Amino acid sequence: MFRPTPNQTEDAECKISGSSFQCLSFAGSPDLASPGPRKSSLIGYSVLFFLIIIPGLNEVWAQDRPADVAGEFYDQNPTSLKQKINGFLAAAKEPTKPTNSLVALIVPHAGYDFSGPTAAVAYQLLQGESFDTIILIGPQHRKYVSGAAVWPAGQWHTPLGGVEVDKDFVQALIVAEPRIVANQELHRGEHSLEVQLPFLQVVRPNARIVPILITEHDFAQPLAAALIKTMQAFPTKRFLVIASSDMTHYRPEELTRAHDQKTLALIKDLDSCGLERAFSAGESELCGAAAILTVLALLQATPQAMVTPLAYATSGDVSDDKTRVVGYGATMAEAGGWQEAYTQETLVLTLFQKRQLLLIARETLKAYINEGKTLDFSMAEPVLQVPMAVFVTLTDTQGKLRGCIGDIFPQEPLYLAVQHMTIAAAVKDSRFTPVRPDEVDNLVIEISILSYPRRVCNADAVRSGVDGVVLRRGNSQGVFLPDVWEMLPNRQDFFDELCTQKADLERKCEQDPQTQMDTFTSLHFDGNEFNG
């Protein structure tokens, strides 16, 4: 009977810090893999060009991938393999079902006898669910990956048969982010994604896959943005994202469990910055750290996202060796759906569309202040129906602030957000008395349309003159729009005012690791740019 040895649970521990990459082989002497040169955008587009345009070349790229680790990480015999998976699923304690849409899983990838029971707790959630495409994200344990590497087409094989790659999605993904390249060689022999397939073939046999390898922590945000953009290009498909990772490697049982429980808590809180700090302090170990950070970035951009840890175990539960164990965790994420997620791209509007929004704001202000009416602009063109976060600022003829209110996160269609924030700025800003009818015609209306906030882990990542900042710690929160840089061009002045004036915190609060920061950009315009 197939049974992996402890070294087959994970035969290399990979650590990534910034852009450096180191693999420590436990089978022999240390193997240091130096980062290779970053592939240019031209290479990424060239791959797509040949893949799509040149007749017949699809057949070259559509190679099938064999079952490279069958007989090593899982059974090679299809009958016993299926029996084992069904046994894991039957024995798994049923977790709490998601109340919203299931959008992501985090599962281990060790030998089945060690991590299979933990993975099964997550995979049983897919029974009865329907997914068109499953996006698999995992580490390459022995080679450095610049950006991300996808398998472009064809099938991935296991003893249970072949699983089709969603080549249309892969091609669109490469267009969305040129640092994502088709590279079959990086996938050969790597087990982190392959070991997920037999489980998927049992619980979701008809779903297609998108296999992605990533090792750079810094590429998690760009990969997440590209995935959101690509998923939204296929509105009729339902997607599931699976991040593949084991946890602490080859530490004593007590230390392993302590580190892994902290890691699971940070994942549950969507605290990617806390996770990065735990990595740096040696208090968290995830060989698939970049894959998990990608999932966290996706969830941070998705309304109503919630993470629930499902199961945890160590290799010591099987081997009874508690001196040098590997940790395995299973987690689920639910949310409204990937189609509702946002990237940080600033909205682009034509001059005519800006005029339309300013007209909506002006007419709303007049009707509400003069007559107490709210006008109906529901026939606005489609781009103005997209949910966006909006701030509306009112100033008088001397340029003095008369009201400013907005939302940081999208709550409603753009035209409606402009209406509601115009009214709120006029009558609900507690710093000022409500706007009077005799003021309406002379007020300047400024509209700022915000991109979706993106988490940054330190103040150095905030771009002077470009980024707005949402800063929070505990129950305290403060926001500065990007145009505040015009009044406070000095970085420390900017942050000190944000900390003290807006968040009611101490100066230099941005330097406290417990302070969370999100950045955003904005499209800002007012009636003055149309004068003359």
# chains A, B, ... in the order shown; residues from 1 in each chain; ligands from 1
$ residues_around --residues "stretch 495-500 of chain A" --least-positions-apart "4" --cutoff "10 Å" --atoms "only C-alpha atoms" --output "MDAnalysis selection string"
chainID A and resid 459 469:472 476:480 484 488 490:491 504:511
$ write_last_selection --atoms "N, CA, C and O atoms" --output "compact mmCIF listing (two decimals), in the first residue's frame"
# COMPACT_ATOMS: atom_id res chain seq x y z
N ALA A 459 4.20 53.00 5.43
CA ALA A 459 3.98 54.32 4.85
C ALA A 459 4.85 54.57 3.62
O ALA A 459 4.50 55.40 2.78
N VAL A 469 -5.25 58.21 1.31
CA VAL A 469 -4.93 57.24 2.37
C VAL A 469 -6.10 57.09 3.32
O VAL A 469 -6.68 58.08 3.77
N VAL A 470 -6.45 55.82 3.61
CA VAL A 470 -7.37 55.49 4.69
C VAL A 470 -6.52 54.89 5.80
O VAL A 470 -5.83 53.89 5.59
N LEU A 471 -6.54 55.50 6.95
CA LEU A 471 -5.70 55.07 8.07
C LEU A 471 -6.61 54.71 9.24
O LEU A 471 -7.52 55.46 9.58
N ARG A 472 -6.38 53.54 9.84
CA ARG A 472 -7.24 53.13 10.96
C ARG A 472 -6.44 52.31 11.97
O ARG A 472 -5.51 51.60 11.65
N SER A 476 -10.50 54.05 15.65
CA SER A 476 -10.14 55.35 15.08
C SER A 476 -9.85 55.21 13.59
O SER A 476 -9.18 54.27 13.17
N GLN A 477 -10.32 56.17 12.81
CA GLN A 477 -10.11 56.13 11.36
C GLN A 477 -10.02 57.56 10.81
O GLN A 477 -10.71 58.46 11.29
N GLY A 478 -9.16 57.75 9.83
CA GLY A 478 -9.03 59.03 9.16
C GLY A 478 -8.79 58.82 7.68
O GLY A 478 -8.21 57.82 7.26
N VAL A 479 -9.24 59.80 6.87
CA VAL A 479 -9.11 59.71 5.41
C VAL A 479 -8.62 61.04 4.86
O VAL A 479 -9.12 62.10 5.24
N PHE A 480 -7.63 60.98 3.97
CA PHE A 480 -7.23 62.14 3.17
C PHE A 480 -7.34 61.76 1.69
O PHE A 480 -6.82 60.72 1.27
N VAL A 484 -5.18 66.42 -1.09
CA VAL A 484 -4.64 67.02 0.13
C VAL A 484 -3.13 67.22 0.02
O VAL A 484 -2.55 68.11 0.67
N LEU A 488 -0.47 69.85 1.67
CA LEU A 488 0.53 69.28 2.58
C LEU A 488 1.53 68.44 1.78
O LEU A 488 1.53 67.21 1.84
N ASN A 490 4.70 67.99 2.14
CA ASN A 490 5.69 67.29 2.96
C ASN A 490 5.07 66.00 3.50
O ASN A 490 4.01 66.02 4.14
N ARG A 491 5.74 64.86 3.30
CA ARG A 491 5.17 63.56 3.68
C ARG A 491 4.82 63.48 5.16
O ARG A 491 3.74 63.03 5.55
N ASP A 504 -7.61 61.22 15.09
CA ASP A 504 -7.51 61.47 16.53
C ASP A 504 -6.52 60.51 17.19
O ASP A 504 -6.76 59.97 18.27
N LEU A 505 -5.38 60.33 16.53
CA LEU A 505 -4.30 59.50 17.04
C LEU A 505 -3.06 60.37 17.22
O LEU A 505 -3.05 61.55 16.87
N GLU A 506 -2.00 59.77 17.71
CA GLU A 506 -0.76 60.51 17.94
C GLU A 506 -0.03 60.76 16.62
O GLU A 506 -0.26 60.07 15.63
N ARG A 507 0.86 61.76 16.62
CA ARG A 507 1.71 62.00 15.45
C ARG A 507 2.56 60.76 15.16
O ARG A 507 2.91 60.02 16.08
N LYS A 508 2.88 60.57 13.90
CA LYS A 508 3.65 59.41 13.44
C LYS A 508 2.94 58.09 13.72
O LYS A 508 3.57 57.03 13.81
N CYS A 509 1.61 58.13 13.82
CA CYS A 509 0.86 56.90 14.06
C CYS A 509 1.02 55.91 12.91
O CYS A 509 0.83 54.71 13.08
N GLU A 510 1.38 56.42 11.72
CA GLU A 510 1.56 55.53 10.57
C GLU A 510 2.73 54.57 10.76
O GLU A 510 2.85 53.56 10.05
N GLN A 511 3.61 54.87 11.72
CA GLN A 511 4.77 54.02 11.97
C GLN A 511 4.46 52.88 12.93
O GLN A 511 5.28 51.97 13.11
$ residues_around --residues "A:Pro410" --least-positions-apart "5" --cutoff "9 Å" --atoms "only C-alpha atoms" --output "ChimeraX atom specification"
/A:387-390,417,450-452
$ write_last_selection --atoms "N, CA and C atoms" --output "compact mmCIF listing (two decimals), in the first residue's frame"
# COMPACT_ATOMS: atom_id res chain seq x y z
N PRO A 387 -21.03 50.69 -9.90
CA PRO A 387 -20.84 51.11 -8.50
C PRO A 387 -19.45 51.69 -8.28
N MET A 388 -19.39 52.89 -7.71
CA MET A 388 -18.13 53.56 -7.43
C MET A 388 -18.25 54.34 -6.13
N ALA A 389 -17.11 54.51 -5.45
CA ALA A 389 -17.07 55.36 -4.26
C ALA A 389 -16.84 56.80 -4.70
N VAL A 390 -17.56 57.72 -4.07
CA VAL A 390 -17.54 59.12 -4.52
C VAL A 390 -17.44 60.05 -3.32
N ALA A 417 -24.53 57.69 -6.40
CA ALA A 417 -23.57 58.10 -5.37
C ALA A 417 -23.31 59.60 -5.45
N LEU A 450 -13.35 57.54 -6.51
CA LEU A 450 -12.23 56.82 -5.91
C LEU A 450 -12.05 55.42 -6.50
N SER A 451 -10.80 55.03 -6.64
CA SER A 451 -10.52 53.63 -6.95
C SER A 451 -10.74 52.81 -5.68
N TYR A 452 -10.78 51.48 -5.82
CA TYR A 452 -10.98 50.63 -4.65
C TYR A 452 -9.71 50.62 -3.81
$ select_by_dssp --residues "stretch 200-345 of chain A" --states "helix (DSSP H, G or I)" --output "ChimeraX atom specification"
/A:200-203,217-232,253-268,272-280,289-300,316-319,338-340
$ select_by_dssp --residues "stretch 219-296 of chain A" --states "strand (DSSP E)" --output "list in words"
Phe239, Leu240, Val241, Ile242, Ala243, Ser244, His249, Tyr250 and Arg251 of chain A
$ atom_distance --atom1 "atom CA of A:Phe73" --atom2 "atom CA of A:Val195"
7.1 Å
$ atom_distance --atom1 "atom CA of A:Thr99" --atom2 "atom CA of A:Phe169"
27.8 Å
$ closest_residue --among "A:Ala380, A:Ala313, A:Leu299, A:Val202" --to "A:Gln127" --atoms "only C-alpha atoms"
A:Val202
$ closest_residue --among "A:Val348, A:Val121, A:Ala426, A:Thr397" --to "A:Thr96" --atoms "only C-alpha atoms"
A:Val121
$ closest_atom_pairs --of "stretch 80-189 of chain A" --to "stretch 211-224 of chain A" --cutoff "6 Å" --atoms "only C-alpha atoms" --output "Markdown table"
| residue | atom | partner | partner_atom | distance |
| --- | --- | --- | --- | --- |
| A:Leu136 | CA | A:Pro211 | CA | 4.9 |
| A:Ile137 | CA | A:Ile212 | CA | 4.8 |
| A:Gly138 | CA | A:Leu213 | CA | 5.1 |
| A:Pro139 | CA | A:Leu213 | CA | 5.3 |
| A:Val145 | CA | A:Thr215 | CA | 5.7 |
| A:Ala148 | CA | A:Ile214 | CA | 4.9 |
| A:Ala149 | CA | A:Leu213 | CA | 5.2 |
| A:Val150 | CA | A:Ile212 | CA | 4.7 |
| A:Trp151 | CA | A:Pro211 | CA | 5.8 |
$ write_last_selection --atoms "all heavy atoms" --output "mmCIF file, in the first residue's frame"
data_model
loop_
_atom_site.group_PDB
_atom_site.id
_atom_site.type_symbol
_atom_site.label_atom_id
_atom_site.label_comp_id
_atom_site.auth_asym_id
_atom_site.auth_seq_id
_atom_site.Cartn_x
_atom_site.Cartn_y
_atom_site.Cartn_z
ATOM 1 N N LEU A 136 -6.179 27.386 -9.646
ATOM 2 C CA LEU A 136 -5.256 26.772 -8.689
ATOM 3 C C LEU A 136 -3.999 27.632 -8.595
ATOM 4 O O LEU A 136 -3.338 27.879 -9.605
ATOM 5 C CB LEU A 136 -4.872 25.364 -9.137
ATOM 6 C CG LEU A 136 -6.000 24.337 -9.226
ATOM 7 C CD1 LEU A 136 -5.503 23.064 -9.898
ATOM 8 C CD2 LEU A 136 -6.558 24.021 -7.850
ATOM 9 N N ILE A 137 -3.655 28.068 -7.393
ATOM 10 C CA ILE A 137 -2.474 28.909 -7.198
ATOM 11 C C ILE A 137 -1.586 28.245 -6.150
ATOM 12 O O ILE A 137 -2.039 27.922 -5.052
ATOM 13 C CB ILE A 137 -2.845 30.328 -6.720
ATOM 14 C CG1 ILE A 137 -3.954 30.926 -7.589
ATOM 15 C CG2 ILE A 137 -1.621 31.230 -6.731
ATOM 16 C CD1 ILE A 137 -4.472 32.258 -7.086
ATOM 17 N N GLY A 138 -0.331 28.035 -6.488
ATOM 18 C CA GLY A 138 0.567 27.388 -5.550
ATOM 19 C C GLY A 138 2.012 27.761 -5.786
ATOM 20 O O GLY A 138 2.345 28.471 -6.747
ATOM 21 N N PRO A 139 2.912 27.270 -4.927
ATOM 22 C CA PRO A 139 4.335 27.591 -5.055
ATOM 23 C C PRO A 139 5.067 26.627 -5.968
ATOM 24 O O PRO A 139 4.617 25.499 -6.195
ATOM 25 C CB PRO A 139 4.844 27.447 -3.612
ATOM 26 C CG PRO A 139 3.994 26.338 -3.063
ATOM 27 C CD PRO A 139 2.630 26.511 -3.687
ATOM 28 N N VAL A 145 10.143 31.728 -9.637
ATOM 29 C CA VAL A 145 9.145 32.158 -10.616
ATOM 30 C C VAL A 145 9.094 33.674 -10.612
ATOM 31 O O VAL A 145 8.777 34.286 -9.593
ATOM 32 C CB VAL A 145 7.757 31.579 -10.307
ATOM 33 C CG1 VAL A 145 6.742 32.062 -11.346
ATOM 34 C CG2 VAL A 145 7.793 30.058 -10.261
ATOM 35 N N ALA A 148 4.279 35.299 -12.526
ATOM 36 C CA ALA A 148 3.523 34.056 -12.342
ATOM 37 C C ALA A 148 3.635 33.234 -13.612
ATOM 38 O O ALA A 148 3.748 33.771 -14.719
ATOM 39 C CB ALA A 148 2.064 34.349 -12.008
ATOM 40 N N ALA A 149 3.591 31.917 -13.447
ATOM 41 C CA ALA A 149 3.693 30.991 -14.579
ATOM 42 C C ALA A 149 2.396 30.204 -14.690
ATOM 43 O O ALA A 149 1.948 29.585 -13.721
ATOM 44 C CB ALA A 149 4.878 30.050 -14.401
ATOM 45 N N VAL A 150 1.791 30.222 -15.882
ATOM 46 C CA VAL A 150 0.558 29.475 -16.125
ATOM 47 C C VAL A 150 0.816 28.368 -17.142
ATOM 48 O O VAL A 150 1.712 28.467 -17.980
ATOM 49 C CB VAL A 150 -0.578 30.390 -16.640
ATOM 50 C CG1 VAL A 150 -1.045 31.331 -15.560
ATOM 51 C CG2 VAL A 150 -0.145 31.158 -17.880
ATOM 52 N N TRP A 151 0.029 27.319 -17.032
ATOM 53 C CA TRP A 151 0.019 26.274 -18.063
ATOM 54 C C TRP A 151 -1.048 26.675 -19.069
ATOM 55 O O TRP A 151 -2.209 26.853 -18.712
ATOM 56 C CB TRP A 151 -0.305 24.920 -17.439
ATOM 57 C CG TRP A 151 -0.117 23.770 -18.393
ATOM 58 C CD1 TRP A 151 -0.961 23.371 -19.378
ATOM 59 C CD2 TRP A 151 0.998 22.874 -18.433
ATOM 60 N NE1 TRP A 151 -0.451 22.283 -20.039
ATOM 61 C CE2 TRP A 151 0.750 21.944 -19.482
ATOM 62 C CE3 TRP A 151 2.169 22.755 -17.697
ATOM 63 C CZ2 TRP A 151 1.647 20.923 -19.787
ATOM 64 C CZ3 TRP A 151 3.047 21.738 -18.005
ATOM 65 C CH2 TRP A 151 2.797 20.837 -19.030
#
$ closest_residue --among "A:Val456, A:Val427, A:Leu255, A:Leu359" --to "A:Tyr415" --atoms "only C-alpha atoms"
A:Leu359
$ atom_distance --atom1 "atom CA of A:Glu254" --atom2 "atom CA of A:Val325"
9.6 Å
$ decode --residues "stretch 414-433 of chain A" --atoms "N, CA, C and O atoms" --output "JSON list (two decimals), in the first residue's frame"
[["chain", "number", "residue", "atom", "x", "y", "z"],
["A", 414, "LEU", "N", -22.68, 54.90, -9.74],
["A", 414, "LEU", "CA", -21.96, 56.16, -9.73],
["A", 414, "LEU", "C", -22.88, 57.37, -9.74],
["A", 414, "LEU", "O", -22.72, 58.29, -8.94],
["A", 415, "TYR", "N", -23.87, 57.39, -10.63],
["A", 415, "TYR", "CA", -24.73, 58.57, -10.73],
["A", 415, "TYR", "C", -25.50, 58.77, -9.42],
["A", 415, "TYR", "O", -25.72, 59.90, -8.97],
["A", 416, "LEU", "N", -25.92, 57.66, -8.79],
["A", 416, "LEU", "CA", -26.67, 57.74, -7.55],
["A", 416, "LEU", "C", -25.77, 58.16, -6.39],
["A", 416, "LEU", "O", -26.18, 58.94, -5.51],
["A", 417, "ALA", "N", -24.53, 57.69, -6.40],
["A", 417, "ALA", "CA", -23.57, 58.10, -5.37],
["A", 417, "ALA", "C", -23.31, 59.60, -5.45],
["A", 417, "ALA", "O", -23.22, 60.28, -4.42],
["A", 418, "VAL", "N", -23.19, 60.13, -6.67],
["A", 418, "VAL", "CA", -23.00, 61.58, -6.85],
["A", 418, "VAL", "C", -24.20, 62.34, -6.29],
["A", 418, "VAL", "O", -24.05, 63.35, -5.58],
["A", 419, "GLN", "N", -25.41, 61.86, -6.59],
["A", 419, "GLN", "CA", -26.61, 62.51, -6.05],
["A", 419, "GLN", "C", -26.60, 62.53, -4.52],
["A", 419, "GLN", "O", -26.78, 63.57, -3.89],
["A", 420, "HIS", "N", -26.42, 61.35, -3.93],
["A", 420, "HIS", "CA", -26.54, 61.23, -2.48],
["A", 420, "HIS", "C", -25.42, 61.97, -1.75],
["A", 420, "HIS", "O", -25.66, 62.58, -0.69],
["A", 421, "MET", "N", -24.21, 61.95, -2.31],
["A", 421, "MET", "CA", -23.10, 62.66, -1.65],
["A", 421, "MET", "C", -23.23, 64.17, -1.82],
["A", 421, "MET", "O", -22.79, 64.94, -0.96],
["A", 422, "THR", "N", -23.85, 64.61, -2.91],
["A", 422, "THR", "CA", -24.11, 66.05, -3.08],
["A", 422, "THR", "C", -25.07, 66.54, -2.00],
["A", 422, "THR", "O", -24.85, 67.58, -1.36],
["A", 423, "ILE", "N", -26.14, 65.80, -1.78],
["A", 423, "ILE", "CA", -27.11, 66.17, -0.74],
["A", 423, "ILE", "C", -26.45, 66.12, 0.64],
["A", 423, "ILE", "O", -26.62, 67.03, 1.47],
["A", 424, "ALA", "N", -25.67, 65.06, 0.88],
["A", 424, "ALA", "CA", -25.02, 64.92, 2.19],
["A", 424, "ALA", "C", -24.04, 66.05, 2.46],
["A", 424, "ALA", "O", -23.98, 66.60, 3.57],
["A", 425, "ALA", "N", -23.25, 66.43, 1.42],
["A", 425, "ALA", "CA", -22.30, 67.52, 1.59],
["A", 425, "ALA", "C", -23.02, 68.84, 1.88],
["A", 425, "ALA", "O", -22.52, 69.69, 2.62],
["A", 426, "ALA", "N", -24.21, 69.00, 1.31],
["A", 426, "ALA", "CA", -24.95, 70.25, 1.46],
["A", 426, "ALA", "C", -25.64, 70.37, 2.82],
["A", 426, "ALA", "O", -25.72, 71.48, 3.37],
["A", 427, "VAL", "N", -26.12, 69.27, 3.38],
["A", 427, "VAL", "CA", -26.95, 69.39, 4.59],
["A", 427, "VAL", "C", -26.53, 68.50, 5.75],
["A", 427, "VAL", "O", -27.06, 68.64, 6.85],
["A", 428, "LYS", "N", -25.57, 67.60, 5.55],
["A", 428, "LYS", "CA", -25.24, 66.63, 6.61],
["A", 428, "LYS", "C", -23.81, 66.74, 7.12],
["A", 428, "LYS", "O", -23.42, 65.96, 8.00],
["A", 429, "ASP", "N", -23.01, 67.65, 6.58],
["A", 429, "ASP", "CA", -21.66, 67.83, 7.11],
["A", 429, "ASP", "C", -21.77, 68.62, 8.41],
["A", 429, "ASP", "O", -22.10, 69.81, 8.42],
["A", 430, "SER", "N", -21.48, 67.94, 9.53],
["A", 430, "SER", "CA", -21.71, 68.52, 10.85],
["A", 430, "SER", "C", -20.83, 69.73, 11.15],
["A", 430, "SER", "O", -21.08, 70.47, 12.12],
["A", 431, "ARG", "N", -19.83, 69.95, 10.33],
["A", 431, "ARG", "CA", -18.94, 71.09, 10.56],
["A", 431, "ARG", "C", -19.57, 72.41, 10.11],
["A", 431, "ARG", "O", -19.08, 73.50, 10.45],
["A", 432, "PHE", "N", -20.63, 72.32, 9.30],
["A", 432, "PHE", "CA", -21.20, 73.53, 8.70],
["A", 432, "PHE", "C", -22.71, 73.53, 8.86],
["A", 432, "PHE", "O", -23.35, 72.48, 8.99],
["A", 433, "THR", "N", -23.30, 74.71, 8.79],
["A", 433, "THR", "CA", -24.75, 74.82, 8.72],
["A", 433, "THR", "C", -25.20, 74.39, 7.33],
["A", 433, "THR", "O", -24.44, 74.47, 6.36]]
